[in-house]
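Beneath this line is the structure, given in structure tokens, with notes to follow.
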Amino acid sequence: MGQNFNVDGTVTSAISGEPLVGVNVVIKGTTSGTVTNLDGTFSLAVPGNTTLVFSSVGFLVQEMAVTANSGTLNVAMQEDIADLEEIVVTGLATSIKRSNLANSVSTINAQTLTGTTTGATLDGALYGKLTGVNINAAGGAPGGQTAMRLRGVSSLSGNNQPLFIIDGVYISNIQLTNGSSVASGANAGREEGGSNRVSDINPDDIESIEVLKGASAAAIYGTRANAGVVIITTKRGTQGKTKVSFNQDVGFNTIQNYAGRRVFTPETVESAFSAAEREIFETAQAAGEVFNYEEELYGEKGLILDSRLSVSGGSDRTTFYANISRRDEDGIMKRTGYDRTSLRINVDHNITDDLKIGFSSNYINSNADRGAVGNENNGGFSVGYNLALLTVDWENLFPDENGVYPDGRFAATNVIFNRDIIDNSEEVNRYIQGVRIDWTALQRDNIQLKFLANGGLDFFLGKTFVYIPETQQTQRSTTNGFISAGNNNSLQYNYQVFAVVDYFANNEISLNGQFGVSYLNFESDAIINQTTQLIPTQTNLAQGNSFSTNQRLTDEEELGFIAQGQFNWADRVIATAGIRFDKSSLNGDPNKYFAFPKASLAVNLANFDFWTATSVSLLKLRFAYGETGSSARFGSLYTPLGATSVGGVPGLALPRVDQNNVRAQLGDTDLEPETSQEIEYGVDVAFLNGRVGLELTGYVRKVNDLIYPFSSIPISSGFNNSIRTDFDLKNTGFEIAINAQPIAKPNLNWNTSLNYWQNDAKVDRLGVGEFQPSGEGFSLTFGSSFIREGENATALAANIGGQVKIIGDAAPDFQMSWYNEVTIIKRLKLNFLFHWKEGGEVLNLTKLLSDFGGVTPDLDDPDVIANPRFATFGAEGYIEDGSYIRLREVGLYYDLPIGNLKAFEGIRVGVSGKNVFTSTDYTGYDPETSAFGPSGLSQGIEVSPFPSSKQFYFHLGLTF
Amino acid sequence: MTIMKKYIIIILGLGLTLSLGNCEFENDVDPNQPSLSAVLANTSPQELNLLVGGLEARSRDAMGAFITATGSIARELYDFNASDPTTTETLIGKDGATLNGSEPQLTGTMFARYQAVKSAEFILEAVENVALTEAQKQGFRGVANTFKGLNLMNVLSLLNNNGVRVDVKDPENLGPYLSKAEGFQAIRGFLDLGFDQLQGAEFTFQLSGGFTGFDTPAEFAGFNRAIAARVALYEEDYASALSLVNSSFMDMNGELADGPKKSYGVGGTEILNPIFKSPQQSGDQYVVHNRLITDIQAGDARINKFRLRDDPVPRDGLNGTHEIDLYASSTSPIDFIRNEELILIFAEASVQVGNLSDAVDALNVIRNAYGLANYGGAVTEDALIDELLYNRGYSLWAEGHAMFDLRRYDRLNDQFLPIDRTGDIIHTEFPIPPFEQ
């Protein structure tokens, strides 16, 4: 007997009473509905007595039954503390409410990401805020260089970083190689201290980040997703009054922790060096010329300025968001620093009610001066290396009145000269464009067919420049000056087309299916030109007498077909199944498809009729399974020959180490992708009316047939490594996340989250029994990462007395973090984040260098004298516990009462700090460290890195 | 939009999507460099010549590692290295540290030598299928086998009683480590085979300028016999050493410096002479062991190989008054083997077979060349061995011989060599590196 009638009403926030714009009002079991307007009011025609469903981001869904006699509806929406209604992406084209999700997907919103303090890079801003994430920095150079690892170890061949996708565009996260390893003799591009490209992204543009940590969540991304997927969504405009906001941060960088220098007396100088050296020391002492070169190098307070202007607004058909940001940061060493300018405009437009188009455009320019850092083998290049091994504090390394620098007496260089004169810089110009088209092709009462196409490109030109003048001490006897200028051209583009069907069988059952195709194409061309035998004072590549050119091309394509279906019974039981077929030009057979299935089940017990405990609004049991893949690094299929030249006579032979960035590799033309299978299970509970949320997750994540360059092949084979695949590993772990709102009074609000996570990565099978992964350590005399069947994949080992012995494990026993937001009288906000990492050893090779150099601070200790570290213990003497408790972020903000000031809507001031306090037994620069840059295992070995810094800021924020 | 239009668009879209499934990917060519299988499958004469260029290049690589290893162990010098702190530790046996086979000086040398052997194997494999005359092919084979023997000898010298692996053709199925005696036999076999192949051969390839005077098959054969003489000497087969050195390019009246050389240069893939060190730099230097300064005879011009240090800073408890002055610049060549060494081989072999007066004559050629008067000591085997070792020690200083010379005469120990720091020990050979077997 239903008659159409109109329902009118207003939707407000239960906490503040303010009207809510843009709330979805939908007739339950159908796709028809409307959206509240600027006053929070709506008007909807309904065909008879029915139920209306009210939903909006950040609020709990409400249902109201309506009849013709209901009158004006006033709906007050509750805040969604436990994020039950949060929308999470599952398939490539669909999303799902968090309360229905069968996976543990961590999300970070803008407030958590940058609300407490700022930092240069995006990945740095994530640490400690998500379970299952481990981040190592290769050093503290401005501009960052971090390795992000999700749920343990995924790969050895360079694909250990998760896939980063911004607004549907697959973006590059490589580390530029700058050729300085040719001058310094360091072992590879990874030891040169370059930054990774995700640091170009402006954290202020980000609306939310979802992290799919393992195959069970990421299966739908197929052959690139073994190490997980990080999905970034940038801010979009909303209709309404145009909002302008401006933020200015002023702050400074200062070193976190010094390693220290030994304080000598004439007696100790004589016994460590010689009687002749003692006289030199006493003369210097008398003249007041005993310095502390560590403080001289790393003791600067670098100024940081960060300005951000954003404008957003729109009408009912078009919305936009624009952002201009600039960050300018000086490092803790003179002549180092980083600056980044980012311009973004996101526009969304409804061409018709059914056809929407969205653009995301971002241009970034960044420049980094990273200093002469990194490992080295023969060059007198790295400041930190030479400081530890071959510099004493009573040499005078400062320039004289004519600007001439004395030579280092013990070292192949003067570290002050290197700081003041050597250039090592990167400039990146990058453009990222994404386009998205949504077309609702068919909309009936209970069925909806949509098409979604998105695509984009990521283009960057990375220029690197390393200059060591001919006057430098080592250069005078070797190559008389060194210029390495690199141009790294990279273009990545991808597109996806999907058909999405939603079918509502009745009021309770809905089905969703998506079918699509995805294509990726990545190309890069890195040309590094090196000129030596320079004409004095010249810095142009043409001005020298000896030239060398390296070029490295890569070309990768992938094509995938995807199908996924989901069944939802009244939000009580949600089952999903899907599969992806992928082929990749990185595999031996580039046209063979590999299948990656997934299946998951979520049961919301609290939504069943038998559930009466109203205080528990969510009790979800979930189970998920998925498979992903990872292809070999480009080049693994080939066995290369390198060019040679002797007295001008050209030749071809197996390459020397790292000639043109290749090693003498025995390639494998039959490579197939390594695969990961993950089973994840868990329970999510929300109780006390959503004031407390608890997520418990366990997982077993196997990676099979890992592709690895096996470099423990016999030296007599003439090859550095072969490519093998007989390696399986298993990550087992456990994650707990608790979100609560212990105090929710009008004048005091406290939100807190506590995270706990642990992961164990075991080597299940290794055909060769054991090996030292290449590029993960030095000779076993000094210690290295080491893979042995039956042990943890994160083990560190050394050659002790002819036997390779495991001396430590770089993976932590567990990590915990505690994040808090306290709001007092609605104006004063205090946020802080503590991070506790327990376990995880670090091989402190900086200390080995300073021991050999005689300058470690504790060398006068009777204990240390009685048992000299290297002689007594070998590399084992340098294993230290890397546990720490760190106050990672802390911020205090105050919203000024503006009264009747018409110009502003809000003024906020604040102070904050990053990594302000660390409690640890580790004696090196920073326990979160790695010598090897962002790819590979990247853990647990410190070799004179650029020291990490802590930062303090003052903030001013204006909203117009 | 009408339903019809919608359906048309949908069908077109699906068609486009499905057609993507037909695009073929390709990946058989490496865009960055030639690949081994492609070059060996169908070698052109030009590629074969390039393989010879590669063989010569790899044979001159890693000299720094070899000299640091042998010179430190034999107490000829210390390597005050710019970045490796263990050169003054493990190589000098500090606090009794023994060698474990992971030393980069050993592994670096072995790797370069075996890459050279692989180059020789590539040539021997590829030459079978190239369009050349038999005489031309023999030219390639002769050179390949000569370099093969030369490079393997380097490895056997370092590993000594631990033997050497000589069959490396198949990287997945390497031959076994032979005993020292079998190793010597195999190496001399390769050199003899090469010598036979050079008879009547024809060279169609180019060697570097370092081989000027040794780049015809007959001249190169003289180089082959010289290397074979050195190998026989190390094997202590003195009778063979004598006859081999007499078939080599040895010339009692010729320039001592004559001989083929390893070339170094700047530019592209050239490398610099790693034994040259910038004068008066302690951060990266070869420091002369003081025993060479104290033991040199007055008037011996070989003292010019040593330069007095202005600021002799110590390193790790070791020091020396002088530093290396052996090469004039970073592009100076290093000898593969020169006339001077051949004369010394002749002298040593003569002593050992009992031709003592021949030995004295040869030693006098050397002595006179360096401003010393004729030998006036006793003409007995023991006295002449001492004189011989004195001359080898200074003539061939820092060239990778002293370790083997001292070892050959049981003098690589603390009876004959000084111990600089209490607890130091003297090594005699390297173990086989881990992962070799």
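Each chain in the structure tokens gets a letter, A, B, ..., in the order shown, and its residues are numbered from 1; ligands are numbered from 1 in order too.
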
Contact set, chain A to chain B: 6 Å, only C-alpha atoms, as a ChimeraX atom specification: /A:377-378,410-412,477,546-548,552,585,590,639-641,644-647,649-653,712,714-718,802

Contacts of Asn4 in chain A within 10 Å, only C-alpha atoms, excl. fewer than 3 positions in-chain, as a list in words: Met1, Val7, Ala45, Val46, Pro47, Gly48, Asn49 and Ala68 of chain A

Hey, can you spit out that residue selection with C-alpha atoms as an mmCIF file, in the first residue's frame?
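After the write, selection-v8.cif holds the following:
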data_model
loop_
_atom_site.group_PDB
_atom_site.id
_atom_site.type_symbol
_atom_site.label_atom_id
_atom_site.label_comp_id
_atom_site.auth_asym_id
_atom_site.auth_seq_id
_atom_site.Cartn_x
_atom_site.Cartn_y
_atom_site.Cartn_z
ATOM 1 C CA MET A 1 0.000 0.000 0.000
ATOM 2 C CA VAL A 7 11.012 12.945 4.067
ATOM 3 C CA ALA A 45 11.171 11.016 -1.909
ATOM 4 C CA VAL A 46 10.522 7.547 -0.570
ATOM 5 C CA PRO A 47 8.136 4.930 -1.905
ATOM 6 C CA GLY A 48 6.346 4.002 1.296
ATOM 7 C CA ASN A 49 7.434 3.082 4.782
ATOM 8 C CA ALA A 68 4.430 9.119 6.227
#

Residues flagged helix (DSSP H, G or I) by DSSP in range 47-85 of chain B, as a VMD selection string: chain B and resid 47 to 59 63 to 73 85

Which of range 292-424 of chain B fall in strand (DSSP E), as a ChimeraX atom specification: /B:306-308,322-324,334-335

Using only C-alpha atoms, determine which residues lie at most 10 Å from range 742-751 of chain A, disregarding the query and same-chain residues fewer than 3 positions distant; provide the list as a PDB file with C-alpha atoms, in the first residue's frame.
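Below is the file out.pdb, written as the result:
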ATOM      1  CA  ILE A  15      29.071  16.124  19.970  1.00  0.00           C
ATOM      2  CA  SER A  16      29.055  19.679  18.674  1.00  0.00           C
ATOM      3  CA  ILE A  81      36.258   6.446  17.336  1.00  0.00           C
ATOM      4  CA  ARG A 691      34.925   4.123  22.890  1.00  0.00           C
ATOM      5  CA  VAL A 692      37.377   1.236  22.849  1.00  0.00           C
ATOM      6  CA  ASN A 739      42.239   2.471  20.193  1.00  0.00           C
ATOM      7  CA  TYR A 819      50.145   7.553  20.488  1.00  0.00           C
ATOM      8  CA  ASN A 820      48.035  10.086  22.349  1.00  0.00           C
ATOM      9  CA  GLU A 821      45.924  13.111  21.535  1.00  0.00           C
ATOM     10  CA  VAL A 822      44.794  15.156  24.521  1.00  0.00           C
ATOM     11  CA  THR A 823      42.486  18.123  23.975  1.00  0.00           C
ATOM     12  CA  ILE A 824      41.996  20.502  26.875  1.00  0.00           C
ATOM     13  CA  ILE A 825      39.215  23.083  26.916  1.00  0.00           C
ATOM     14  CA  LYS A 826      38.866  22.487  23.170  1.00  0.00           C
ATOM     15  CA  ARG A 827      41.765  24.847  22.445  1.00  0.00           C
ATOM     16  CA  LEU A 828      44.887  23.268  23.830  1.00  0.00           C
ATOM     17  CA  LYS A 829      46.066  20.064  22.184  1.00  0.00           C
ATOM     18  CA  LEU A 830      48.903  17.856  23.300  1.00  0.00           C
ATOM     19  CA  ASN A 831      49.987  14.954  21.081  1.00  0.00           C
TER      20      ASN A 831
END

Test item: residues at most 8 Å from range 333-348 of chain A, only C-alpha atoms, excluding those fewer than 4 positions along its chain, as a VMD selection string: chain A and resid 141 to 143 200 to 202 205 235 to 237 297 to 300 302 318 to 329 356 to 371 419 to 420
